[in-house]
Structure formats: C-alpha cells, structure tokens
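Below is one structure; the comments refer to it alone.
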Amino acid sequence: MSRPSGVRGPAAGSPRAIAFVESPVQLLNVLEWARASVTGEELTVVVLSPTDPMSRGQLRRMAELARDAGFTVRWQEARGGASAPLRTIRELAPLLRKAERIVIGDPFSRYVQLLLTLVSSKELTVVDDGTATMEFIAQLVHGEPLVRWHRRGGRRGPRELVLAPVSAVARRRLTPSRTRSVEVFTSMPVEAPPGITVTANTFEWTKATFGPPRISKGADMVGTSLVETGVVDLEQYVTAVGSLARSHGATRYFAHRRESVEKLHRLATETGLEIVRPDLPLELIARRGPIGSTVLSFPSTVVHTLPLALAGTGVRVAVWDIAPEWLKDNASPRAHGFLSGVTGTARDVHRLPRLSAPA
C-alpha cells in the first residue's frame with residue numbers, strides 16, 4: 001500500500017501532530033485528513049481503546065492500515081480498570097506537551113476533554129466521528145455546553161456535574177483564539193463560527209486505496225444504533241427494517257458496531273436478512289465491494305459519507321426518514337429535529353417516502 005502523498009513516515013524525534021481516536025471511523029478520517037493536509041506533519045495516532053469487541057476488532061484492522069500507510073500507531077488500553085485513565089494521562093502527558101497539533105475525533109468524549117485540559121496554545125483539528133460533528137459546530141456557534149444530541153434535555157447526573165468543569169475547559173480549548181487555531185475536517189454540511197477553518201473531507205484516501213467495487217444486483221441495508229442509544233423503539237425499528245427490506249429487495253444488513261447481538265438475531269429471524277458484521281468502517285467495505293446497486297439507510301452518518309466514497313460507481317444511496325412515532329417516550333426532545341436535519345442536509349442521496357409508524 002502506498003504512503004499518502006504529502007505525509008512523511010515516523011521520525012526518531014517527537015511527532016509534530018498527535019491524533020487521539022476512539023472509534024474506527026475516527027481513525028479512517030484521521031488518515032483522510034493526513035492525505036488532505038498540505039503541511040506534511042509527522043503524525044502519531046494514539047488509539048484510546050474502547051471495551052466492546054466489535055469496536056476493538058475494527059480498530060485493530062484500521063491500525064494495520066494506518067501502519068501500512070507509514071504512520072506510527074500507539075495502542076493505549078485506556079479503559080483497562082479503574083487506574084487506567086490516570087495511568088494513560090500520565091503516559092501521554094509528555095507527548096501532549098511536545099506536540100504542536102492535536103487531532104481529535106470526538107469532542108464530546110470525556111476522555112478527550114480531559115486530555116484537552118492539558119494543552120493550551122496548540123493547533124487543534126477535529127475530524128468527523130459521524131453526524132455528531134454537526135451538533136458540535138451548532139453548540140460552538142450558540143455557546144452551549146458540549147452534550148451529545150441524544151442526551152439533550154436529560155437530567156444531569158452526579159458524573160456529569162463532577163465533569164462539568166472539565167467539559168467547560170475543553171470547550172474553551174476548542175474555541176479559536178489569538179494563540180490557537182482550530183480546524184474542522186468534515187464531510188458534513190456545517191457552517192462554522194468565525195475563526196474556525198473548515199476543510200472538506202472527500203474520501204480521497206479511501207478512493208485511492210480501495211475499489212472501484214463490484215456492484216451486485218439488488219439492495220443492501222445499513223444498520224443503526226438508534227435503538228441502543230435509547231432513541232428509537234425496538235419494535236418499531238424491527239418492523240421498519242422488515243418493511244424496507246421487502247419493498248426494495250434487500251438481502252444483506254450491514255450491522256452497526258454497537259448493535260446488540262439479541263437485536264441482530266431477531267432481525268435475521270424475522271426479516272430473513274443476512275446479517276453482516278463488517279471488520280472495517282462501511283465506507284471501506286462498500287468501496288472494496290461487492291456492494292448492492294442501492295444502499296438503504298435510516299438517517300445516519302453514511303447518508304453523507306457513502307455518496308462521497310462511492311462517487312462515480314453508480315451506486316445509489318437512499319434514506320428513509322424516522323417517523324416521530326418511532327421515537328421512545330423518553331427520547332431527547334432534540335432527537336427528531338436532529339435526525340430530520342441529518343436527512344435534509346444530505347447531498348446526492350435519494351429520499352424515500354416516509355411512512356407512518358409500522359403497525
């Protein structure tokens with residue numbers, strides 16, 4: 001595999017840029033940022049490893065791709081017991097002090113927010129961790145606390161109250177100043193506040209490394225974790241998946257890495273779909289192929305990223321809106337508006353007619 005253009009391999013000294021990633025998509029977008037960067041900065045990727053097996057497996061595969069591309073990857077067992085966070089911060093502090101640029105994938109992560117309290121006049125880059133980038137920008141514009149969209153409106157528990165000062169400091173670090181530049185590298189449609197540089201992610205590394213894919217007949221479906229995050233009712237979701245699969249002739253269901261085994265087993269049993277658990281982010285899986293001529297999705301990150309990754313292949317991406325009736329009673333008041341915005345701002349996708357709640 002060829003090294004991304006404009007990026008040098010690991011050097012003996014301290015890297016100029018350090019990226020902290022906690023998900024496979026974040027690591028993919030760090031690689032995309034490195035290819036798009038014109039500065040040729042030395043980059044070390046630090047994986048703050050999650051605990052769930054699917055995320056860890058995908059991150060291991062992404063780490064291999066990053067090393068093949070010439071980057072240094074440091075795997076950090078950041079959640080391996082009660083003492084792991086303090087040990088991780090102590091071990092990473094020297095790197096943080098020496099690096100001139102910090103690249104992060106999730107500004108809502110409490111772990112990342114804690115690390116940001118250790119830096120001051122650093123150049124900061126935020127890469128996509130999905131549609132949450134849209135909410136992050138909106139909160140910066142309106143001067144709001146950094147809170148994930150599906151938790152908005154909920155009562156703040158003891159943990160949130162204790163970490164509130166950390167979040168406030170992190171938010172200041174993510175706000176540009178005379179001594180600190182902030183860049184957002186994104187495939188999402190955002191309007192950043194003054195002082196933030198927005199760089200478009202068009203998945204050039206992905207397109208140069210994989211594909212073009214073999215396109216099969218029929219349709220594939222993309223799963224979401226909206227049930228697992230407490231937004232959408234399980235019964236409504238299962239019925240909607242079955243209806244969508246039947247009406248469009250879908251045969252495969254690409255599971256989100258956070259979907260539960262129990263839900264996926266039920267989907268396979270009740271819909272007849274073949275459940276596929278990808279070992280890489282879907283943008284790479286689709287680009288590698290084979291992939292259906294139509295990809296069906298509910299509102300999610302892929303309605304923004306797949307049209308870019310699959311540009312020129314002829315694959316159609318179609319999105320089916322979430323009906324308000326599908327939401328759980330205790331879902332955030334912000335949920336439906338946010339999901340509608342995800343669909344409404346997507347480019348180069350086909351919007352399927354929204355049906356009422358399944359019977």
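By convention here, the chains of the structure tokens are called A, B, ... in the order presented, each chain's residues are numbered starting at 1, and ligands are numbered starting at 1 in the order presented.
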
Stretch 5-213 of chain A: residues DSSP assigns to strand (DSSP E), reported as a PDB file with N, CA and C atoms, in the first residue's frame:
ATOM      1  N   ALA A  17       2.374  16.217  15.242  1.00  0.00           N
ATOM      2  CA  ALA A  17       0.934  16.079  15.429  1.00  0.00           C
ATOM      3  C   ALA A  17       0.614  14.747  16.089  1.00  0.00           C
ATOM      4  N   ILE A  18      -0.334  14.789  17.019  1.00  0.00           N
ATOM      5  CA  ILE A  18      -0.819  13.575  17.681  1.00  0.00           C
ATOM      6  C   ILE A  18      -2.326  13.504  17.492  1.00  0.00           C
ATOM      7  N   ALA A  19      -2.805  12.352  17.066  1.00  0.00           N
ATOM      8  CA  ALA A  19      -4.243  12.138  16.905  1.00  0.00           C
ATOM      9  C   ALA A  19      -4.726  11.164  17.956  1.00  0.00           C
ATOM     10  N   PHE A  20      -5.807  11.517  18.631  1.00  0.00           N
ATOM     11  CA  PHE A  20      -6.449  10.632  19.602  1.00  0.00           C
ATOM     12  C   PHE A  20      -7.741  10.114  18.995  1.00  0.00           C
ATOM     13  N   VAL A  21      -7.841   8.799  18.864  1.00  0.00           N
ATOM     14  CA  VAL A  21      -9.036   8.207  18.265  1.00  0.00           C
ATOM     15  C   VAL A  21      -9.605   7.146  19.187  1.00  0.00           C
ATOM     16  N   LEU A  43       3.034  12.487  12.168  1.00  0.00           N
ATOM     17  CA  LEU A  43       1.800  12.157  12.879  1.00  0.00           C
ATOM     18  C   LEU A  43       1.938  10.834  13.611  1.00  0.00           C
ATOM     19  N   THR A  44       1.568  10.843  14.883  1.00  0.00           N
ATOM     20  CA  THR A  44       1.408   9.624  15.662  1.00  0.00           C
ATOM     21  C   THR A  44      -0.052   9.491  16.048  1.00  0.00           C
ATOM     22  N   VAL A  45      -0.618   8.316  15.807  1.00  0.00           N
ATOM     23  CA  VAL A  45      -2.009   8.043  16.152  1.00  0.00           C
ATOM     24  C   VAL A  45      -2.044   7.271  17.460  1.00  0.00           C
ATOM     25  N   VAL A  46      -2.761   7.796  18.440  1.00  0.00           N
ATOM     26  CA  VAL A  46      -2.947   7.128  19.724  1.00  0.00           C
ATOM     27  C   VAL A  46      -4.371   6.599  19.780  1.00  0.00           C
ATOM     28  N   VAL A  47      -4.506   5.286  19.866  1.00  0.00           N
ATOM     29  CA  VAL A  47      -5.817   4.652  19.954  1.00  0.00           C
ATOM     30  C   VAL A  47      -6.177   4.504  21.431  1.00  0.00           C
ATOM     31  N   LEU A  48      -7.192   5.252  21.872  1.00  0.00           N
ATOM     32  CA  LEU A  48      -7.713   5.112  23.229  1.00  0.00           C
ATOM     33  C   LEU A  48      -8.745   3.991  23.171  1.00  0.00           C
ATOM     34  N   THR A  72       2.913   5.998  12.674  1.00  0.00           N
ATOM     35  CA  THR A  72       3.123   5.357  13.962  1.00  0.00           C
ATOM     36  C   THR A  72       1.784   5.266  14.677  1.00  0.00           C
ATOM     37  N   VAL A  73       1.436   4.067  15.152  1.00  0.00           N
ATOM     38  CA  VAL A  73       0.192   3.863  15.882  1.00  0.00           C
ATOM     39  C   VAL A  73       0.520   3.326  17.263  1.00  0.00           C
ATOM     40  N   ARG A  74      -0.016   3.982  18.261  1.00  0.00           N
ATOM     41  CA  ARG A  74       0.198   3.577  19.650  1.00  0.00           C
ATOM     42  C   ARG A  74      -1.137   3.118  20.232  1.00  0.00           C
ATOM     43  N   TRP A  75      -1.203   1.853  20.602  1.00  0.00           N
ATOM     44  CA  TRP A  75      -2.431   1.285  21.161  1.00  0.00           C
ATOM     45  C   TRP A  75      -2.403   1.471  22.678  1.00  0.00           C
ATOM     46  N   GLN A  76      -3.395   2.183  23.205  1.00  0.00           N
ATOM     47  CA  GLN A  76      -3.432   2.514  24.618  1.00  0.00           C
ATOM     48  C   GLN A  76      -4.657   1.858  25.251  1.00  0.00           C
ATOM     49  N   ARG A 101       0.349  20.106  17.192  1.00  0.00           N
ATOM     50  CA  ARG A 101      -1.040  19.965  16.759  1.00  0.00           C
ATOM     51  C   ARG A 101      -1.659  18.738  17.424  1.00  0.00           C
ATOM     52  N   ILE A 102      -2.895  18.914  17.900  1.00  0.00           N
ATOM     53  CA  ILE A 102      -3.671  17.822  18.468  1.00  0.00           C
ATOM     54  C   ILE A 102      -4.851  17.566  17.529  1.00  0.00           C
ATOM     55  N   VAL A 103      -5.012  16.316  17.119  1.00  0.00           N
ATOM     56  CA  VAL A 103      -6.128  15.925  16.262  1.00  0.00           C
ATOM     57  C   VAL A 103      -7.048  15.029  17.078  1.00  0.00           C
ATOM     58  N   ILE A 104      -8.333  15.357  17.123  1.00  0.00           N
ATOM     59  CA  ILE A 104      -9.283  14.562  17.896  1.00  0.00           C
ATOM     60  C   ILE A 104     -10.470  14.197  17.014  1.00  0.00           C
ATOM     61  N   GLU A 123      -2.340  23.931  18.090  1.00  0.00           N
ATOM     62  CA  GLU A 123      -3.224  23.891  16.935  1.00  0.00           C
ATOM     63  C   GLU A 123      -4.119  22.661  17.095  1.00  0.00           C
ATOM     64  N   LEU A 124      -5.409  22.842  16.866  1.00  0.00           N
ATOM     65  CA  LEU A 124      -6.358  21.754  17.070  1.00  0.00           C
ATOM     66  C   LEU A 124      -7.089  21.441  15.775  1.00  0.00           C
ATOM     67  N   THR A 125      -7.251  20.161  15.508  1.00  0.00           N
ATOM     68  CA  THR A 125      -8.056  19.699  14.377  1.00  0.00           C
ATOM     69  C   THR A 125      -9.088  18.708  14.900  1.00  0.00           C
ATOM     70  N   VAL A 126     -10.330  18.892  14.499  1.00  0.00           N
ATOM     71  CA  VAL A 126     -11.406  17.956  14.821  1.00  0.00           C
ATOM     72  C   VAL A 126     -11.800  17.253  13.536  1.00  0.00           C
ATOM     73  N   VAL A 127     -11.686  15.918  13.520  1.00  0.00           N
ATOM     74  CA  VAL A 127     -12.142  15.142  12.367  1.00  0.00           C
ATOM     75  C   VAL A 127     -13.478  14.499  12.717  1.00  0.00           C
ATOM     76  N   VAL A 182      -8.081  26.520  15.114  1.00  0.00           N
ATOM     77  CA  VAL A 182      -8.948  25.342  15.166  1.00  0.00           C
ATOM     78  C   VAL A 182      -9.418  25.029  13.751  1.00  0.00           C
ATOM     79  N   GLU A 183      -9.246  23.773  13.359  1.00  0.00           N
ATOM     80  CA  GLU A 183      -9.683  23.291  12.052  1.00  0.00           C
ATOM     81  C   GLU A 183     -10.703  22.179  12.261  1.00  0.00           C
ATOM     82  N   VAL A 184     -11.728  22.154  11.417  1.00  0.00           N
ATOM     83  CA  VAL A 184     -12.686  21.051  11.395  1.00  0.00           C
ATOM     84  C   VAL A 184     -12.589  20.398  10.024  1.00  0.00           C
ATOM     85  N   PHE A 185     -12.230  19.120  10.030  1.00  0.00           N
ATOM     86  CA  PHE A 185     -12.094  18.349   8.797  1.00  0.00           C
ATOM     87  C   PHE A 185     -13.311  17.442   8.699  1.00  0.00           C
ATOM     88  N   THR A 186     -14.192  17.709   7.743  1.00  0.00           N
ATOM     89  CA  THR A 186     -15.504  17.068   7.800  1.00  0.00           C
ATOM     90  C   THR A 186     -16.097  16.821   6.424  1.00  0.00           C
ATOM     91  N   ILE A 196     -12.838  29.470  12.789  1.00  0.00           N
ATOM     92  CA  ILE A 196     -12.640  28.034  12.582  1.00  0.00           C
ATOM     93  C   ILE A 196     -12.517  27.758  11.096  1.00  0.00           C
ATOM     94  N   THR A 197     -11.456  27.059  10.727  1.00  0.00           N
ATOM     95  CA  THR A 197     -11.242  26.671   9.334  1.00  0.00           C
ATOM     96  C   THR A 197     -11.932  25.337   9.069  1.00  0.00           C
ATOM     97  N   VAL A 198     -12.757  25.281   8.036  1.00  0.00           N
ATOM     98  CA  VAL A 198     -13.429  24.042   7.648  1.00  0.00           C
ATOM     99  C   VAL A 198     -12.760  23.498   6.390  1.00  0.00           C
ATOM    100  N   THR A 199     -12.290  22.262   6.477  1.00  0.00           N
ATOM    101  CA  THR A 199     -11.670  21.582   5.343  1.00  0.00           C
ATOM    102  C   THR A 199     -12.553  20.405   4.950  1.00  0.00           C
ATOM    103  N   ALA A 200     -12.864  20.294   3.664  1.00  0.00           N
ATOM    104  CA  ALA A 200     -13.778  19.257   3.196  1.00  0.00           C
ATOM    105  C   ALA A 200     -13.085  17.900   3.121  1.00  0.00           C
TER     106      ALA A 200
END

(message) Which residues are close to stretch 49-63 of chain A, i.e. within 6 Å by only C-alpha atoms, leaving aside same-chain residues fewer than 2 positions away? Reply as a PyMOL selection string.
(response) chain A and resi 22+24+47+65-66+76-78+257+279-280

Could you write those residues out with N, CA, C and O atoms, as a JSON list (two decimals), in the first residue's frame?
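Heads up, here's the output in part.json:
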[["chain", "number", "residue", "atom", "x", "y", "z"],
["A", 22, "GLU", "N", -10.94, 7.01, 19.15],
["A", 22, "GLU", "CA", -11.62, 6.03, 19.98],
["A", 22, "GLU", "C", -12.57, 5.14, 19.17],
["A", 22, "GLU", "O", -13.25, 4.29, 19.73],
["A", 24, "PRO", "N", -13.27, 3.30, 14.94],
["A", 24, "PRO", "CA", -12.70, 3.05, 13.61],
["A", 24, "PRO", "C", -12.94, 4.20, 12.64],
["A", 24, "PRO", "O", -12.07, 4.53, 11.83],
["A", 47, "VAL", "N", -4.51, 5.29, 19.87],
["A", 47, "VAL", "CA", -5.82, 4.65, 19.95],
["A", 47, "VAL", "C", -6.18, 4.50, 21.43],
["A", 47, "VAL", "O", -5.53, 3.76, 22.16],
["A", 65, "LEU", "N", -3.96, -0.76, 8.73],
["A", 65, "LEU", "CA", -3.94, 0.07, 7.52],
["A", 65, "LEU", "C", -3.13, 1.35, 7.74],
["A", 65, "LEU", "O", -2.41, 1.80, 6.85],
["A", 66, "ALA", "N", -3.26, 1.93, 8.93],
["A", 66, "ALA", "CA", -2.51, 3.15, 9.23],
["A", 66, "ALA", "C", -1.01, 2.88, 9.25],
["A", 66, "ALA", "O", -0.21, 3.68, 8.73],
["A", 76, "GLN", "N", -3.39, 2.18, 23.20],
["A", 76, "GLN", "CA", -3.43, 2.51, 24.62],
["A", 76, "GLN", "C", -4.66, 1.86, 25.25],
["A", 76, "GLN", "O", -5.79, 2.15, 24.88],
["A", 77, "GLU", "N", -4.43, 0.94, 26.20],
["A", 77, "GLU", "CA", -5.55, 0.32, 26.92],
["A", 77, "GLU", "C", -6.06, 1.33, 27.94],
["A", 77, "GLU", "O", -5.81, 1.24, 29.13],
["A", 78, "ALA", "N", -6.82, 2.28, 27.43],
["A", 78, "ALA", "CA", -7.22, 3.43, 28.22],
["A", 78, "ALA", "C", -8.35, 3.14, 29.19],
["A", 78, "ALA", "O", -8.66, 3.97, 30.05],
["A", 257, "ARG", "N", -21.55, -1.29, 14.55],
["A", 257, "ARG", "CA", -20.72, -2.00, 15.52],
["A", 257, "ARG", "C", -21.30, -1.99, 16.93],
["A", 257, "ARG", "O", -20.92, -2.82, 17.76],
["A", 279, "ASP", "N", -15.67, -5.78, 9.32],
["A", 279, "ASP", "CA", -14.42, -5.67, 10.07],
["A", 279, "ASP", "C", -13.72, -4.33, 9.84],
["A", 279, "ASP", "O", -12.64, -4.09, 10.39],
["A", 280, "LEU", "N", -14.36, -3.46, 9.04],
["A", 280, "LEU", "CA", -13.84, -2.13, 8.76],
["A", 280, "LEU", "C", -15.02, -1.16, 8.66],
["A", 280, "LEU", "O", -16.17, -1.61, 8.52]]

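For the choices A:Thr131, A:Thr88, A:Gln26, A:Gln139, the atom-to-atom distance to A:Asp106 is smallest for A:Gln26 when using only C-alpha atoms.
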
Using only C-alpha atoms, which residues of stretch 74-139 of chain A come within 12 Å of stretch 168-171 of chain A, and what is the closest atom pair for each, with the distance in Å to one decimal? Give it as CSV, sorted by chain and residue number.
residue,atom,partner,partner_atom,distance
A:Ile104,CA,A:Ala170,CA,11.7
A:Asp106,CA,A:Ala170,CA,11.5
A:Pro107,CA,A:Ala170,CA,8.1
A:Phe108,CA,A:Ala170,CA,9.3
A:Ser109,CA,A:Ala170,CA,10.1
A:Arg110,CA,A:Ala170,CA,9.3
A:Tyr111,CA,A:Ala170,CA,10.5
A:Val112,CA,A:Ala170,CA,8.4
A:Gln113,CA,A:Ala170,CA,5.1
A:Leu114,CA,A:Ala170,CA,7.3
A:Leu115,CA,A:Ala170,CA,8.5
A:Leu116,CA,A:Ala170,CA,5.6
A:Thr117,CA,A:Ala170,CA,6.0
A:Leu118,CA,A:Ala170,CA,9.4
A:Val119,CA,A:Ala170,CA,9.4
A:Ser120,CA,A:Ala170,CA,9.9
A:Leu124,CA,A:Ala170,CA,11.4
A:Phe136,CA,A:Arg171,CA,10.0
A:Ile137,CA,A:Arg171,CA,11.2
A:Gln139,CA,A:Arg171,CA,9.7

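The coordinates place atom CA of A:Phe210 at 10.4 Å from atom CA of A:Leu310.
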
(request) Enter the distance from atom CA of A:Val241 to atom CA of A:Ile322, in Å, rounded to one decimal. (result)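 If I compute the distance from atom CA of A:Val241 to atom CA of A:Ile322, I get 11.3 Å.
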
(message) Counting only C-alpha atoms, which residue out of A:Ala99, A:Ala208, A:Met221, A:Ala82 sits closest to A:Arg35?
(response)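 Looking only at the distances to A:Arg35, the closest residue turns out to be A:Ala208.
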
(request) Identify, on the basis of only C-alpha atoms, every residue whose closest approach to A:Thr343 does not exceed 9 Å; exclude the query and any residue fewer than 6 positions from it along the same chain; express the result as a PyMOL selection string. (result) chain A and resi 298-300+303-304+319-321+349+351

(message) Rounded to one decimal, what separation in Å do you get between atom CA of A:Thr271 and atom CA of A:Pro324?
(response)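 Rounded to one decimal, the two atoms are 22.8 Å apart.
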
(message) Please determine, counting only C-alpha atoms, which residue among A:Thr175, A:Thr269, A:Ser340, A:Ser37 has the shortest atom-to-atom distance to A:Trp205.
(response) A:Ser37

(request) Extract the full set of helix (DSSP H, G or I) residues from stretch 63-306 of chain A according to DSSP on the backbone, and format it as a PyMOL selection string. (result) chain A and resi 63-68+84-98+110-116+132-142+149-151+158-173+204-209+234-248+261-271+282-288+302-306

(message) Give me, as a ChimeraX atom specification, all polymer residues having an atom no more than 8 Å from A:Trp326, counting only C-alpha atoms and skipping those fewer than 3 positions away in the same chain.
(response) /A:232-233,236-237,322-323,357

With N, CA and C atoms kept, could you save the residues just selected as a CSV table (one decimal), in the first residue's frame?
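Saved to again37.csv:
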chain,number,residue,atom,x,y,z
A,232,VAL,N,-34.9,5.2,19.4
A,232,VAL,CA,-36.0,4.6,18.6
A,232,VAL,C,-36.5,3.3,19.3
A,233,ASP,N,-37.8,3.1,19.3
A,233,ASP,CA,-38.4,1.9,19.9
A,233,ASP,C,-38.0,0.6,19.1
A,236,GLN,N,-40.7,-0.9,16.7
A,236,GLN,CA,-40.9,-0.1,15.5
A,236,GLN,C,-39.7,-0.3,14.6
A,237,TYR,N,-38.5,-0.4,15.1
A,237,TYR,CA,-37.3,-0.5,14.3
A,237,TYR,C,-37.3,-1.8,13.5
A,322,ILE,N,-37.0,8.7,9.8
A,322,ILE,CA,-37.5,8.2,11.0
A,322,ILE,C,-38.8,8.9,11.3
A,323,ALA,N,-39.9,8.2,11.4
A,323,ALA,CA,-41.2,8.8,11.8
A,323,ALA,C,-41.2,9.2,13.2
A,357,ALA,N,-45.9,5.2,11.3
A,357,ALA,CA,-45.3,4.2,12.2
A,357,ALA,C,-45.9,2.8,11.7

Quick one: residues within 9 Å of A:Glu228, only C-alpha atoms, excluding same-chain residues fewer than 6 positions away - as a PDB file with N, CA, C and O atoms, in the first residue's frame?
ATOM      1  N   LEU A 234     -37.615  -0.435  19.845  1.00  0.00           N
ATOM      2  CA  LEU A 234     -37.144  -1.670  19.215  1.00  0.00           C
ATOM      3  C   LEU A 234     -38.191  -2.274  18.289  1.00  0.00           C
ATOM      4  O   LEU A 234     -37.887  -2.680  17.164  1.00  0.00           O
ATOM      5  N   ARG A 258     -22.258  -1.090  17.216  1.00  0.00           N
ATOM      6  CA  ARG A 258     -22.831  -1.038  18.559  1.00  0.00           C
ATOM      7  C   ARG A 258     -24.173  -1.770  18.666  1.00  0.00           C
ATOM      8  O   ARG A 258     -24.781  -1.774  19.726  1.00  0.00           O
ATOM      9  N   GLU A 259     -24.639  -2.348  17.586  1.00  0.00           N
ATOM     10  CA  GLU A 259     -25.915  -3.052  17.663  1.00  0.00           C
ATOM     11  C   GLU A 259     -25.756  -4.334  18.484  1.00  0.00           C
ATOM     12  O   GLU A 259     -24.767  -5.060  18.365  1.00  0.00           O
ATOM     13  N   SER A 260     -26.774  -4.626  19.272  1.00  0.00           N
ATOM     14  CA  SER A 260     -26.706  -5.778  20.172  1.00  0.00           C
ATOM     15  C   SER A 260     -26.891  -7.080  19.409  1.00  0.00           C
ATOM     16  O   SER A 260     -27.572  -7.132  18.380  1.00  0.00           O
TER      17      SER A 260
END

(request) For each of A:Val231, A:Ala245, A:Ala138, A:Val166, take the minimum atom-to-atom distance to A:Leu339, counting only C-alpha atoms, then give the residue where this is smallest. (result)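 Going through A:Val231, A:Ala245, A:Ala138, A:Val166 one by one, the smallest distance to A:Leu339 is for A:Val231.
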
(request) Tell me which of A:Ser216, A:Thr179, A:Ser225, A:Thr133 sits closest to A:Leu146, counting only C-alpha atoms. (result) A:Thr133

(message) From the options A:Ile89, A:Ser332, A:Ser297, A:Gly242, which residue's atoms come nearest to A:Val147, counting only C-alpha atoms?
(response)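 Going through A:Ile89, A:Ser332, A:Ser297, A:Gly242 one by one, the smallest distance to A:Val147 is for A:Ser332.
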
(message) Need the shell around A:Val276: protein/DNA/RNA residues with any atom at most 12 Å away, counting only C-alpha atoms. Skip same-chain ones fewer than 6 positions apart. Format as a PyMOL selection string?
(response) chain A and resi 220-223+251-257+259+261+264-265+267-268+282+285

Expected file contents, prior selection, N, CA and C atoms, as a compact mmCIF listing (two decimals), in the first residue's frame:
# COMPACT_ATOMS: atom_id res chain seq x y z
N ASP A 220 -28.64 -3.40 -0.46
CA ASP A 220 -28.09 -3.68 0.86
C ASP A 220 -28.65 -2.66 1.84
N MET A 221 -28.75 -3.05 3.12
CA MET A 221 -29.23 -2.15 4.16
C MET A 221 -28.11 -1.84 5.13
N VAL A 222 -28.17 -0.63 5.69
CA VAL A 222 -27.20 -0.19 6.70
C VAL A 222 -27.92 -0.07 8.04
N GLY A 223 -27.39 -0.72 9.05
CA GLY A 223 -27.99 -0.67 10.38
C GLY A 223 -27.59 0.58 11.14
N THR A 251 -31.17 -7.90 0.69
CA THR A 251 -30.79 -9.23 1.15
C THR A 251 -29.77 -9.20 2.27
N ARG A 252 -28.99 -8.12 2.38
CA ARG A 252 -27.96 -8.04 3.42
C ARG A 252 -28.20 -6.83 4.31
N TYR A 253 -27.81 -6.99 5.57
CA TYR A 253 -27.94 -5.92 6.57
C TYR A 253 -26.56 -5.73 7.20
N PHE A 254 -25.92 -4.59 6.91
CA PHE A 254 -24.61 -4.30 7.48
C PHE A 254 -24.80 -3.70 8.87
N ALA A 255 -24.44 -4.45 9.88
CA ALA A 255 -24.71 -4.05 11.26
C ALA A 255 -23.78 -2.93 11.70
N HIS A 256 -24.34 -2.01 12.48
CA HIS A 256 -23.52 -1.03 13.17
C HIS A 256 -22.76 -1.74 14.28
N ARG A 257 -21.55 -1.29 14.55
CA ARG A 257 -20.72 -2.00 15.52
C ARG A 257 -21.30 -1.99 16.93
N GLU A 259 -24.64 -2.35 17.59
CA GLU A 259 -25.91 -3.05 17.66
C GLU A 259 -25.76 -4.33 18.48
N VAL A 261 -26.30 -8.13 19.95
CA VAL A 261 -26.43 -9.46 19.35
C VAL A 261 -27.88 -9.90 19.34
N LEU A 264 -29.82 -8.15 16.52
CA LEU A 264 -29.41 -8.65 15.20
C LEU A 264 -29.97 -10.05 14.95
N HIS A 265 -29.99 -10.89 15.98
CA HIS A 265 -30.57 -12.23 15.84
C HIS A 265 -32.05 -12.13 15.50
N LEU A 267 -33.56 -9.59 14.01
CA LEU A 267 -33.69 -9.09 12.64
C LEU A 267 -33.50 -10.21 11.62
N ALA A 268 -32.50 -11.06 11.85
CA ALA A 268 -32.25 -12.17 10.93
C ALA A 268 -33.43 -13.13 10.90
N LEU A 282 -17.86 1.14 7.13
CA LEU A 282 -18.66 0.80 5.96
C LEU A 282 -18.16 1.49 4.69
N ILE A 285 -15.70 -0.90 3.37
CA ILE A 285 -16.37 -2.14 2.96
C ILE A 285 -17.08 -1.92 1.63
